[in-house]
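Here's data-v4.txt, which has compact mmCIF, C-alpha atoms:
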# COMPACT_ATOMS: atom_id res chain seq x y z
CA MET N 158 27.49 23.98 -14.07
CA LYS N 159 24.31 21.99 -14.77
CA TRP N 160 21.85 23.02 -17.47
CA VAL N 161 18.21 22.01 -17.56
CA LEU N 162 16.27 22.05 -20.82
CA ILE N 163 12.59 22.88 -20.38
CA ILE N 164 10.30 22.22 -23.34
CA LEU N 165 6.96 24.02 -23.27
CA PRO N 166 3.95 23.24 -25.49
CA LEU N 167 3.65 25.55 -28.49
CA THR N 168 0.77 27.20 -30.31
CA ALA N 169 0.24 26.82 -34.04
CA PHE N 170 2.44 29.92 -34.48
CA GLY N 171 5.33 28.50 -32.46
CA GLN N 172 4.55 30.51 -29.33
CA ALA N 173 5.05 28.84 -25.94
CA LEU N 174 1.79 28.24 -24.09
CA LEU N 175 1.09 29.51 -20.61
CA PRO N 176 1.21 26.96 -17.81
CA GLY N 177 -1.90 25.86 -15.93
CA PHE N 178 -3.41 28.50 -13.65
CA PRO N 179 -1.50 28.92 -10.35
CA ARG N 180 -4.01 28.08 -7.64
CA GLU N 181 -3.80 29.67 -4.21
CA ASN N 182 -6.31 27.57 -2.30
CA PRO N 183 -5.15 23.99 -1.58
CA ARG N 184 -8.65 22.67 -2.24
CA LYS N 185 -8.23 23.73 -5.87
CA ASP N 186 -4.98 21.82 -6.26
CA ILE N 187 -4.86 18.49 -8.07
CA GLU N 188 -2.49 15.64 -7.36
CA LEU N 189 -1.76 14.14 -10.76
CA THR N 190 -0.06 11.05 -9.42
CA ILE N 191 -0.66 8.73 -12.36
CA ARG N 192 -0.06 8.71 -16.10
CA ILE N 193 -1.04 5.48 -17.81
CA SER N 194 -0.48 5.07 -21.55
CA LYS N 195 -3.25 3.46 -23.59
CA ALA N 196 -5.69 3.68 -20.70
CA SER N 197 -9.01 5.46 -21.17
CA ARG N 198 -10.33 5.41 -17.60
CA VAL N 199 -8.90 4.72 -14.15
CA THR N 200 -10.77 4.55 -10.84
CA GLN N 201 -8.52 4.84 -7.81
CA THR N 202 -9.53 4.16 -4.18
CA ALA N 203 -7.37 4.74 -1.09
CA PHE N 204 -7.57 2.68 2.09
CA LEU N 205 -6.08 3.05 5.56
CA PHE N 206 -4.92 0.10 7.64
CA LYS N 207 -6.90 -0.07 10.89
CA ASN N 208 -7.59 -2.91 13.29
CA ASP N 209 -5.69 -5.41 11.13
CA SER N 210 -7.75 -4.65 8.03
CA PHE N 211 -7.96 -2.05 5.27
CA VAL N 212 -10.83 0.44 5.53
CA PRO N 213 -11.78 3.16 3.01
CA ASP N 214 -10.04 6.48 3.59
CA GLU N 215 -12.77 9.13 3.68
CA TYR N 216 -10.18 11.90 3.59
CA ARG N 217 -8.94 10.73 0.20
CA LEU N 218 -12.12 9.94 -1.68
CA PRO N 219 -12.10 7.56 -4.64
CA LYS N 220 -10.96 9.30 -7.81
CA GLU N 221 -11.75 8.61 -11.42
CA TYR N 222 -9.23 9.64 -14.08
CA ILE N 223 -10.25 9.91 -17.75
CA PHE N 224 -7.52 10.08 -20.40
CA SER N 225 -7.36 11.19 -24.03
CA ASN N 226 -6.12 8.91 -26.80
CA ASP N 227 -2.56 10.21 -26.45
CA GLY N 228 -2.47 9.45 -22.71
CA GLY N 229 -3.05 13.01 -21.49
CA ILE N 230 -5.45 13.75 -18.67
CA LYS N 231 -8.94 15.00 -19.64
CA GLU N 232 -11.03 14.75 -16.48
CA ILE N 233 -10.65 13.92 -12.78
CA HIS N 234 -13.66 13.14 -10.60
CA CYS N 235 -13.77 12.66 -6.83
CA LEU N 236 -16.42 10.07 -5.97
CA ASP N 237 -18.61 9.52 -2.93
CA LEU N 238 -17.54 6.44 -0.96
CA ASN N 239 -21.08 5.09 -0.68
CA THR N 240 -22.99 6.27 -3.75
CA ASN N 241 -20.11 6.58 -6.25
CA ASN N 242 -21.58 9.95 -7.29
CA LYS N 243 -19.23 12.76 -8.33
CA THR N 244 -18.47 15.15 -5.46
CA LEU N 245 -15.81 17.26 -7.19
CA SER N 246 -14.71 17.37 -10.83
CA TYR N 247 -11.76 18.86 -12.73
CA LEU N 248 -11.63 19.42 -16.50
CA PHE N 249 -8.54 20.00 -18.68
CA ASP N 250 -7.91 21.37 -22.16
CA GLU N 251 -5.96 19.62 -24.92
CA HIS N 252 -2.72 20.91 -23.38
CA TYR N 253 -3.62 19.37 -19.98
CA ARG N 254 -4.21 22.75 -18.34
CA ILE N 255 -7.09 23.01 -15.92
CA ILE N 256 -10.13 24.77 -17.40
CA GLY N 257 -12.85 23.90 -14.90
CA GLN N 258 -13.64 22.74 -11.39
CA LYS N 259 -17.12 21.88 -10.17
CA GLY N 260 -18.39 20.94 -6.72
CA HIS N 261 -21.76 20.89 -4.98
CA ASP N 262 -21.66 24.51 -3.79
CA ASP N 263 -19.61 26.32 -6.41
CA PHE N 264 -17.68 26.03 -9.66
CA ILE N 265 -14.58 27.63 -11.16
CA THR N 266 -13.61 28.33 -14.77
CA TYR N 267 -10.12 29.00 -16.15
CA SER N 268 -9.14 30.69 -19.41
CA TYR N 269 -5.77 31.39 -21.04
CA ASN N 270 -4.61 34.19 -23.34
CA ASP N 271 -1.22 32.99 -24.55
CA GLN N 272 -0.55 36.11 -26.63
CA ASP N 273 -1.34 38.65 -23.89
CA LYS N 274 0.38 36.50 -21.25
CA LYS N 275 -2.62 36.38 -18.94
CA SER N 276 -4.80 33.67 -17.45
CA ILE N 277 -8.06 34.16 -15.56
CA GLU N 278 -9.82 32.24 -12.81
CA ASN N 279 -13.55 32.97 -12.27
CA TRP N 280 -15.10 31.58 -9.09
CA TYR N 281 -18.93 31.26 -9.07
CA SER N 282 -21.56 30.17 -6.58
CA TYR N 283 -23.76 27.18 -7.43
CA ASP N 284 -26.33 29.57 -8.99
CA SER N 285 -23.72 31.16 -11.29
CA VAL N 286 -23.14 34.36 -9.29
CA LEU N 287 -19.54 35.58 -9.58
CA ILE N 288 -17.73 35.47 -6.23
CA GLU N 289 -14.20 36.40 -7.20
CA LYS N 290 -11.99 36.88 -10.27
CA THR N 291 -8.23 36.29 -10.19
CA ILE N 292 -5.89 37.35 -12.99
CA ALA N 293 -2.38 35.92 -13.41
CA ILE N 294 0.17 37.90 -15.44
CA TYR N 295 3.32 36.36 -16.96
CA ASP N 296 6.60 37.56 -18.46
CA ALA N 297 8.08 36.61 -21.83
CA GLN N 298 9.40 33.32 -20.36
CA ASN N 299 5.91 32.43 -19.06
CA LYS N 300 6.95 32.97 -15.44
CA ILE N 301 4.18 34.41 -13.32
CA ILE N 302 5.13 37.92 -12.16
CA ARG N 303 1.86 39.15 -10.67
CA LYS N 304 -1.49 37.80 -9.54
CA GLU N 305 -4.51 39.98 -8.71
CA ALA N 306 -7.74 38.96 -6.98
CA TYR N 307 -10.89 41.07 -7.47
CA LYS N 308 -14.22 40.97 -5.66
CA SER N 309 -17.41 40.47 -7.66
CA THR N 310 -17.83 44.28 -7.70
CA GLY N 311 -14.54 44.67 -9.56
CA VAL N 312 -12.70 46.10 -6.53
CA LEU N 313 -9.13 44.88 -6.00
CA SER N 314 -9.02 42.57 -2.97
CA ARG N 315 -5.35 41.51 -2.78
CA TYR N 316 -2.38 40.80 -5.03
CA TRP N 317 0.92 38.92 -5.23
CA THR N 318 4.19 39.77 -7.00
CA TYR N 319 7.00 37.35 -7.88
CA GLU N 320 10.71 37.76 -8.61
CA TYR N 321 13.17 35.25 -10.08
CA ASN N 322 16.93 34.79 -10.36
CA ASP N 323 18.82 34.31 -13.63
CA ARG N 324 18.13 30.56 -13.47
CA GLY N 325 14.39 31.17 -13.46
CA ASP N 326 13.90 30.05 -9.84
CA LEU N 327 11.60 32.00 -7.54
CA ILE N 328 13.50 34.18 -5.06
CA MET N 329 10.75 36.43 -3.66
CA GLU N 330 6.97 36.34 -3.32
CA THR N 331 5.20 39.38 -1.90
CA TYR N 332 1.58 39.26 -0.73
CA VAL N 333 -0.27 42.56 -0.36
CA ASN N 334 -3.71 42.64 1.21
CA THR N 335 -5.99 45.67 0.93
CA PRO N 336 -8.75 47.02 3.19
CA ASN N 337 -11.11 45.23 0.78
CA GLY N 338 -9.33 41.89 1.18
CA PRO N 339 -9.93 38.94 3.50
CA GLY N 340 -9.59 39.35 7.26
CA ILE N 341 -11.43 39.10 10.55
CA ARG N 342 -14.44 41.11 11.67
CA ILE N 343 -14.83 41.80 15.39
CA ASP N 344 -18.43 42.19 16.50
CA ALA N 345 -19.60 45.37 18.21
CA SER N 346 -20.60 43.32 21.26
CA ILE N 347 -16.89 42.61 21.75
CA THR N 348 -15.38 46.00 20.90
CA GLY N 349 -18.01 47.81 22.95
CA THR N 350 -18.57 50.38 20.21
CA THR N 351 -18.90 49.43 16.55
CA SER N 352 -17.81 46.34 14.62
CA GLU N 353 -14.21 46.43 13.43
CA PHE N 354 -12.67 44.76 10.38
CA ILE N 355 -8.97 43.83 10.42
CA PRO N 356 -7.50 42.64 7.07
CA TRP N 357 -5.06 39.75 7.19
CA PRO N 358 -1.48 41.12 7.25
CA SER N 359 0.62 41.43 4.11
CA GLY N 360 3.99 39.72 3.95
CA THR N 361 7.05 38.78 1.93
CA THR N 362 8.60 35.35 1.47
CA LYS N 363 12.20 35.21 0.22
CA PHE N 364 14.10 32.22 -1.14
CA GLU N 365 17.90 32.23 -0.91
CA ARG N 366 19.31 29.50 -3.15
CA THR N 367 22.77 27.95 -3.43
CA TYR N 368 23.62 25.72 -6.41
CA GLU N 369 26.42 23.23 -5.83
CA ASP N 370 26.58 19.48 -5.32
CA THR N 371 24.13 20.20 -2.52
CA ILE N 372 21.30 22.53 -3.50
CA ILE N 373 20.28 24.67 -0.54
CA THR N 374 17.16 26.83 -0.28
CA ARG N 375 16.55 29.13 2.69
CA ARG N 376 12.95 30.34 3.00
CA LEU N 377 12.41 33.55 4.96
CA LYS N 378 8.99 34.91 5.87
CA ASN N 379 9.04 38.60 6.78
CA ASN N 380 12.84 38.32 7.21
CA HIS N 381 12.62 35.39 9.66
CA ILE N 382 13.95 31.96 8.66
CA ASP N 383 11.01 29.60 8.17
CA LYS N 384 12.59 26.59 6.46
CA ILE N 385 15.94 25.44 5.04
CA THR N 386 15.90 22.68 2.43
CA LYS N 387 18.99 20.75 1.30
CA SER N 388 18.94 18.32 -1.61
CA TYR N 389 21.80 16.09 -2.77
CA LYS N 390 22.49 12.71 -4.38
CA ASN N 391 24.15 9.97 -2.33
CA THR N 392 25.08 7.18 -4.79
CA ASP N 393 21.65 5.99 -6.04
CA THR N 394 19.66 7.76 -3.32
CA LEU N 395 18.23 11.28 -3.43
CA VAL N 396 18.35 12.86 0.02
CA ILE N 397 16.21 15.84 0.96
CA GLU N 398 16.74 17.49 4.34
CA GLU N 399 14.24 20.02 5.66
CA PHE N 400 14.95 22.20 8.69
CA GLU N 401 11.68 23.68 9.96
CA TYR N 402 11.73 26.53 12.44
CA LYS N 403 8.63 26.63 14.59
CA THR N 404 7.55 29.84 16.29
CA LEU N 405 6.04 30.82 19.60
CA GLU N 406 2.90 32.84 19.01
CA LYS N 407 2.06 35.44 21.64
CA GLN N 408 -1.46 36.86 21.52
CA PHE N 409 -2.34 40.38 22.59
CA LYS N 410 -5.95 40.48 23.76
CA ARG N 411 -8.55 43.14 24.34
CA THR N 412 -11.37 42.65 26.81
CA SER N 413 -14.90 44.01 26.68
CA GLU N 414 -17.71 42.86 28.96
CA LYS N 415 -15.70 39.78 29.95
CA ARG N 416 -15.29 38.74 26.32
CA GLU N 417 -11.93 38.39 24.65
CA THR N 418 -10.72 38.57 21.08
CA ALA N 419 -7.19 38.01 19.78
CA SER N 420 -5.48 40.52 17.53
CA PHE N 421 -2.36 39.85 15.44
CA LYS N 422 0.35 37.53 16.77
CA ILE N 423 4.03 38.14 17.42
CA GLU N 424 6.42 35.36 16.35
CA THR N 425 9.47 34.29 18.35
CA TYR N 426 11.72 31.32 17.56
CA PHE N 427 11.71 28.57 20.15
CA SER N 428 12.37 25.24 18.43
CA TYR N 429 13.11 23.51 15.18
CA SER N 430 12.93 20.02 13.73
CA VAL N 431 14.77 18.20 10.94
CA HIS N 432 13.04 16.01 8.37
CA GLU N 433 15.15 13.75 6.17
CA TYR N 434 13.66 11.97 3.14
CA TYR N 435 15.50 9.29 1.16
CA TYR N 436 14.27 8.40 -2.33
CA GLN N 437 15.29 5.67 -4.75
CA ASP N 438 13.91 5.84 -8.30
CA GLY N 439 11.53 8.54 -7.11
CA ILE N 440 10.07 6.35 -4.34
CA LEU N 441 10.36 7.20 -0.63
CA VAL N 442 12.34 4.49 1.16
CA LEU N 443 13.25 6.12 4.48
CA TYR N 444 12.06 9.04 6.61
CA LYS N 445 13.95 10.42 9.62
CA ASN N 446 12.68 13.07 12.01
CA ILE N 447 14.98 14.79 14.53
CA ILE N 448 13.65 17.39 16.96
CA ASP N 449 15.69 19.85 19.01
CA SER N 450 15.37 17.68 22.12
CA GLY N 451 17.49 15.08 20.34
CA ALA N 452 14.72 12.51 19.85
CA VAL N 453 14.95 10.61 16.57
CA ARG N 454 12.20 8.82 14.66
CA ILE N 455 13.07 6.55 11.74
CA ASP N 456 10.50 5.07 9.34
CA ARG N 457 11.55 2.59 6.65
CA TYR N 458 9.15 2.36 3.70
CA SER N 459 8.52 -0.66 1.50
CA TYR N 460 5.87 -1.41 -1.10
CA GLN N 461 3.86 -4.36 -2.36
CA THR N 462 2.52 -3.94 -5.89
CA GLU N 463 0.11 -5.91 -8.05
CA GLN N 464 0.06 -5.45 -11.84
CA ASP N 465 -2.25 -6.29 -14.69
CA SER N 466 -1.27 -8.03 -17.94
CA ARG N 467 -0.22 -4.70 -19.50
CA GLY N 468 2.24 -3.86 -16.75
CA ASN N 469 0.17 -1.15 -15.06
CA TRP N 470 -0.13 -1.47 -11.30
CA THR N 471 -3.61 -2.19 -9.96
CA ALA N 472 -2.84 -2.29 -6.23
CA ARG N 473 -0.09 -0.78 -4.12
CA THR N 474 0.34 -1.31 -0.38
CA VAL N 475 2.61 0.94 1.67
CA LEU N 476 4.41 -0.60 4.64
CA VAL N 477 6.29 1.33 7.30
CA ASN N 478 8.78 -0.65 9.35
CA GLY N 479 7.18 -3.79 7.96
CA LYS N 480 3.59 -2.91 8.92
CA PRO N 481 0.98 -1.97 6.29
CA ILE N 482 -0.41 1.53 6.74
CA SER N 483 -2.28 2.24 3.51
CA LYS N 484 -3.33 0.78 0.20
CA VAL N 485 -4.41 2.16 -3.16
CA GLU N 486 -6.44 0.11 -5.64
CA ARG N 487 -7.02 1.02 -9.29
CA ARG N 488 -9.49 -0.27 -11.83
CA ILE N 489 -8.19 0.38 -15.33
CA SER N 490 -10.27 0.39 -18.51
CA TYR N 491 -8.60 0.18 -21.91
CA ASP N 492 -9.92 1.18 -25.33

Please express the file's structure as structure tokens.
Amino acid sequence: MKWVLIILPLTAFGQALLPGFPRENPRKDIELTIRISKASRVTQTAFLFKNDSFVPDEYRLPKEYIFSNDGGIKEIHCLDLNTNNKTLSYLFDEHYRIIGQKGHDDFITYSYNDQDKKSIENWYSYDSVLIEKTIAIYDAQNKIIRKEAYKSTGVLSRYWTYEYNDRGDLIMETYVNTPNGPGIRIDASITGTTSEFIPWPSGTTKFERTYEDTIITRRLKNNHIDKITKSYKNTDTLVIEEFEYKTLEKQFKRTSEKRETASFKIETYFSYSVHEYYYQDGILVLYKNIIDSGAVRIDRYSYQTEQDSRGNWTARTVLVNGKPISKVERRISYD
């Protein structure tokens, strides 16, 4: 049996702090891919390899990272490729938990009540009008057990519940939408009578986990297998295998005045694919993709790195099968 010791930051009274707010929307997520000691500021730019030269990657805008004296992250700013102006910013507290996000059209604040085991996300429009409030509730071990989203009027929109096994790993996530939650509105010109609102369907995701030399996780959505993940160590290489089950989506349609609108979809299994990832020292070295037709794709990854006098890397080029595909450059400022 393997034991994992998890050390959480403590308050002045010895109480474990809540983790950073669990964000639902991917645009609110932050990829903290660097941690540089004794660095005060880092500007990172990504490039794609095209037509035998590196060009800026507009889908991964330049980012500026600002660190505290102890090396913890304080701020992250996404920068415009041409003007270098900030397009999106993230702010963190002294425990490196997100406390703010600001873009051109809206901003979000986060607060934490470590004693009451609750954290709150407030989403505002650019003119400071509340759009939505989300409350996360935790148990005594600081595991999230419920999350509730409210409209600006205070009406419950939707909520999530979470269950864990005795190891503290998530085994079930249930999403419950309400008639006040997000969905699709069908115009009266299509229905032929009045407009109709259909909330997005609720659903449950289960995780069946096996702990042995090979750790296996089976993910089921609404009792249908969605993905199986296997993880094991092969000498000095970590191997992760993912079996993804794709579904055939059949649409039932209604017709009114020669216009069509799709209602909910029925899922039926029809194919799957296998993804294999091989890591050495936390770095991807090989990717293999096998689809049910038997076709196999193999990509071998290698890296070229440049470093400064302090040992921090300032440029990293990714090569696949010997050909460069992307590059990341960093400008590092030291105190």

query: Out of N:Ile223, N:Leu205, N:Leu175, N:Val485, which residue has the shortest atom-to-atom distance to Glu463 in chain N when counting only C-alpha atoms?
result: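 The answer is N:Val485, which sits nearest to Glu463 in chain N.
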
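Using all atoms listed in the file, the protein and nucleic acid residues lying no more than 9 Å from Trp317 in chain N, apart from those fewer than 5 places from it along its own chain, are Ile302, Arg303, Lys304, Glu305, Ala306, Glu330, Thr331, Tyr332, Val333 and Asn334 of chain N.
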
field: Within 8 Å of Gln258 in chain N using only C-alpha atoms, minus same-chain residues under 4 positions, as a list in words
entry: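 In the requested format, the answer is Lys185, Leu245, Ser246, Tyr247, Leu248, Phe264, Ile265 and Thr266 of chain N.
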
query: What does the distance between CA of Pro213 in chain N and CA of Arg488 in chain N come to in Å, to one decimal place?
result: 15.4 Å

- prompt: Taking only C-alpha atoms into account, which of N:Ala203, N:Lys445, N:Val212, N:Arg457 comes nearest Thr471 in chain N?
  reply: N:Ala203

Given 5 Å on each side, where is the centre and what are the edge lengths in Å to one decimal of the axis-aligned box enclosing the listed atoms of range 331-337 of chain N, as AutoDock Vina command-line options?
--center_x -3.0 --center_y 43.1 --center_z 0.6 --size_x 26.3 --size_y 17.8 --size_z 15.1

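CA of Phe400 in chain N is found 25.9 Å from CA of Thr318 in chain N.
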
query: Which polymer residues have any atom within 10 Å of an atom of Thr371 in chain N, counting all atoms listed in the file, with same-chain residues fewer than 3 positions away left out, as a PyMOL selection string?
result: chain N and resi 367-368+374+386-390+396-397

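With all atoms listed in the file as the atoms that count, the minimum distance from Gly439 in chain N to the choices N:Leu174, N:Ile230, N:Leu395, N:Ile347 is reached by N:Leu395.
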
Distance criterion (all atoms listed in the file): nearest to Val475 in chain N out of N:Asn226, N:Ser459, N:Ser490, N:Asn208: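 Of all the options, N:Ser459 lies closest to Val475 in chain N.
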
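Ranking N:Arg217, N:Ile382, N:Ser352, N:Thr291 by their shortest atom-to-atom distance to Ser483 in chain N, with all atoms listed in the file included, puts N:Arg217 first.
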
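The residue set within 8 Å of range 250-253 of chain N, counting all atoms listed in the file and dropping same-chain residues fewer than 6 places from it, reads Pro166, Gly177, Gly229, Ile230 and Lys231 of chain N.
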
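Using all atoms listed in the file, the protein and nucleic acid residues lying no more than 10 Å from Leu218 in chain N, apart from those fewer than 2 places from it along its own chain, are Gln201, Thr202, Ala203, Phe204, Pro213, Asp214, Glu215, Tyr216, Lys220, Glu221, His234, Cys235, Leu236, Asp237, Leu238, Asn241, Thr244 and Leu245 of chain N.
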
statement: Students should find that CA of Arg376 in chain N and CA of Ile455 in chain N are spaced 25.3 Å

message: Every residue with an atom at most 7 Å from (-10.3, 0.0, -24.1) (file coordinates; all atoms listed in the file) is what I'm after, so could you write them as a PyMOL selection string?
response: chain N and resi 196-197+490-492

Would you fill out range 456-478 of chain N with N, CA and C atoms and return it as a PDB file, keeping the file's coordinate frame?
ATOM      1  N   ASP N 456      11.496   5.900  10.011  1.00  0.00           N
ATOM      2  CA  ASP N 456      10.500   5.070   9.340  1.00  0.00           C
ATOM      3  C   ASP N 456      11.087   4.539   8.041  1.00  0.00           C
ATOM      4  N   ARG N 457      11.064   3.214   7.879  1.00  0.00           N
ATOM      5  CA  ARG N 457      11.550   2.590   6.650  1.00  0.00           C
ATOM      6  C   ARG N 457      10.337   2.155   5.816  1.00  0.00           C
ATOM      7  N   TYR N 458      10.290   2.609   4.573  1.00  0.00           N
ATOM      8  CA  TYR N 458       9.150   2.360   3.700  1.00  0.00           C
ATOM      9  C   TYR N 458       9.445   1.230   2.723  1.00  0.00           C
ATOM     10  N   SER N 459       8.456   0.383   2.535  1.00  0.00           N
ATOM     11  CA  SER N 459       8.520  -0.660   1.500  1.00  0.00           C
ATOM     12  C   SER N 459       7.147  -0.752   0.845  1.00  0.00           C
ATOM     13  N   TYR N 460       7.093  -1.425  -0.308  1.00  0.00           N
ATOM     14  CA  TYR N 460       5.870  -1.410  -1.100  1.00  0.00           C
ATOM     15  C   TYR N 460       5.585  -2.787  -1.688  1.00  0.00           C
ATOM     16  N   GLN N 461       4.315  -3.133  -1.706  1.00  0.00           N
ATOM     17  CA  GLN N 461       3.860  -4.360  -2.360  1.00  0.00           C
ATOM     18  C   GLN N 461       2.934  -3.945  -3.501  1.00  0.00           C
ATOM     19  N   THR N 462       3.247  -4.400  -4.706  1.00  0.00           N
ATOM     20  CA  THR N 462       2.520  -3.940  -5.890  1.00  0.00           C
ATOM     21  C   THR N 462       1.963  -5.106  -6.679  1.00  0.00           C
ATOM     22  N   GLU N 463       0.724  -4.948  -7.141  1.00  0.00           N
ATOM     23  CA  GLU N 463       0.110  -5.910  -8.050  1.00  0.00           C
ATOM     24  C   GLU N 463      -0.075  -5.244  -9.413  1.00  0.00           C
ATOM     25  N   GLN N 464       0.141  -6.006 -10.491  1.00  0.00           N
ATOM     26  CA  GLN N 464       0.060  -5.450 -11.840  1.00  0.00           C
ATOM     27  C   GLN N 464      -0.904  -6.245 -12.690  1.00  0.00           C
ATOM     28  N   ASP N 465      -1.415  -5.576 -13.734  1.00  0.00           N
ATOM     29  CA  ASP N 465      -2.250  -6.290 -14.690  1.00  0.00           C
ATOM     30  C   ASP N 465      -1.389  -6.813 -15.834  1.00  0.00           C
ATOM     31  N   SER N 466      -2.018  -7.402 -16.841  1.00  0.00           N
ATOM     32  CA  SER N 466      -1.270  -8.030 -17.940  1.00  0.00           C
ATOM     33  C   SER N 466      -0.536  -7.017 -18.801  1.00  0.00           C
ATOM     34  N   ARG N 467      -0.882  -5.734 -18.696  1.00  0.00           N
ATOM     35  CA  ARG N 467      -0.220  -4.700 -19.500  1.00  0.00           C
ATOM     36  C   ARG N 467       0.897  -3.999 -18.739  1.00  0.00           C
ATOM     37  N   GLY N 468       1.141  -4.430 -17.512  1.00  0.00           N
ATOM     38  CA  GLY N 468       2.240  -3.860 -16.750  1.00  0.00           C
ATOM     39  C   GLY N 468       1.877  -2.649 -15.924  1.00  0.00           C
ATOM     40  N   ASN N 469       0.608  -2.250 -15.902  1.00  0.00           N
ATOM     41  CA  ASN N 469       0.170  -1.150 -15.060  1.00  0.00           C
ATOM     42  C   ASN N 469      -0.212  -1.682 -13.685  1.00  0.00           C
ATOM     43  N   TRP N 470       0.181  -0.968 -12.633  1.00  0.00           N
ATOM     44  CA  TRP N 470      -0.130  -1.470 -11.300  1.00  0.00           C
ATOM     45  C   TRP N 470      -1.601  -1.248 -10.965  1.00  0.00           C
ATOM     46  N   THR N 471      -2.191  -2.231 -10.323  1.00  0.00           N
ATOM     47  CA  THR N 471      -3.610  -2.190  -9.960  1.00  0.00           C
ATOM     48  C   THR N 471      -3.809  -2.131  -8.447  1.00  0.00           C
ATOM     49  N   ALA N 472      -2.760  -2.401  -7.681  1.00  0.00           N
ATOM     50  CA  ALA N 472      -2.840  -2.290  -6.230  1.00  0.00           C
ATOM     51  C   ALA N 472      -1.437  -2.011  -5.697  1.00  0.00           C
ATOM     52  N   ARG N 473      -1.379  -1.117  -4.726  1.00  0.00           N
ATOM     53  CA  ARG N 473      -0.090  -0.780  -4.120  1.00  0.00           C
ATOM     54  C   ARG N 473      -0.298  -0.578  -2.622  1.00  0.00           C
ATOM     55  N   THR N 474       0.416  -1.392  -1.837  1.00  0.00           N
ATOM     56  CA  THR N 474       0.340  -1.310  -0.380  1.00  0.00           C
ATOM     57  C   THR N 474       1.618  -0.680   0.148  1.00  0.00           C
ATOM     58  N   VAL N 475       1.470   0.275   1.048  1.00  0.00           N
ATOM     59  CA  VAL N 475       2.610   0.940   1.670  1.00  0.00           C
ATOM     60  C   VAL N 475       2.818   0.351   3.054  1.00  0.00           C
ATOM     61  N   LEU N 476       4.055  -0.065   3.323  1.00  0.00           N
ATOM     62  CA  LEU N 476       4.410  -0.600   4.640  1.00  0.00           C
ATOM     63  C   LEU N 476       5.464   0.295   5.267  1.00  0.00           C
ATOM     64  N   VAL N 477       5.308   0.562   6.551  1.00  0.00           N
ATOM     65  CA  VAL N 477       6.290   1.330   7.300  1.00  0.00           C
ATOM     66  C   VAL N 477       6.820   0.446   8.415  1.00  0.00           C
ATOM     67  N   ASN N 478       8.131   0.258   8.385  1.00  0.00           N
ATOM     68  CA  ASN N 478       8.780  -0.650   9.350  1.00  0.00           C
ATOM     69  C   ASN N 478       8.123  -2.025   9.336  1.00  0.00           C
TER      70      ASN N 478
END
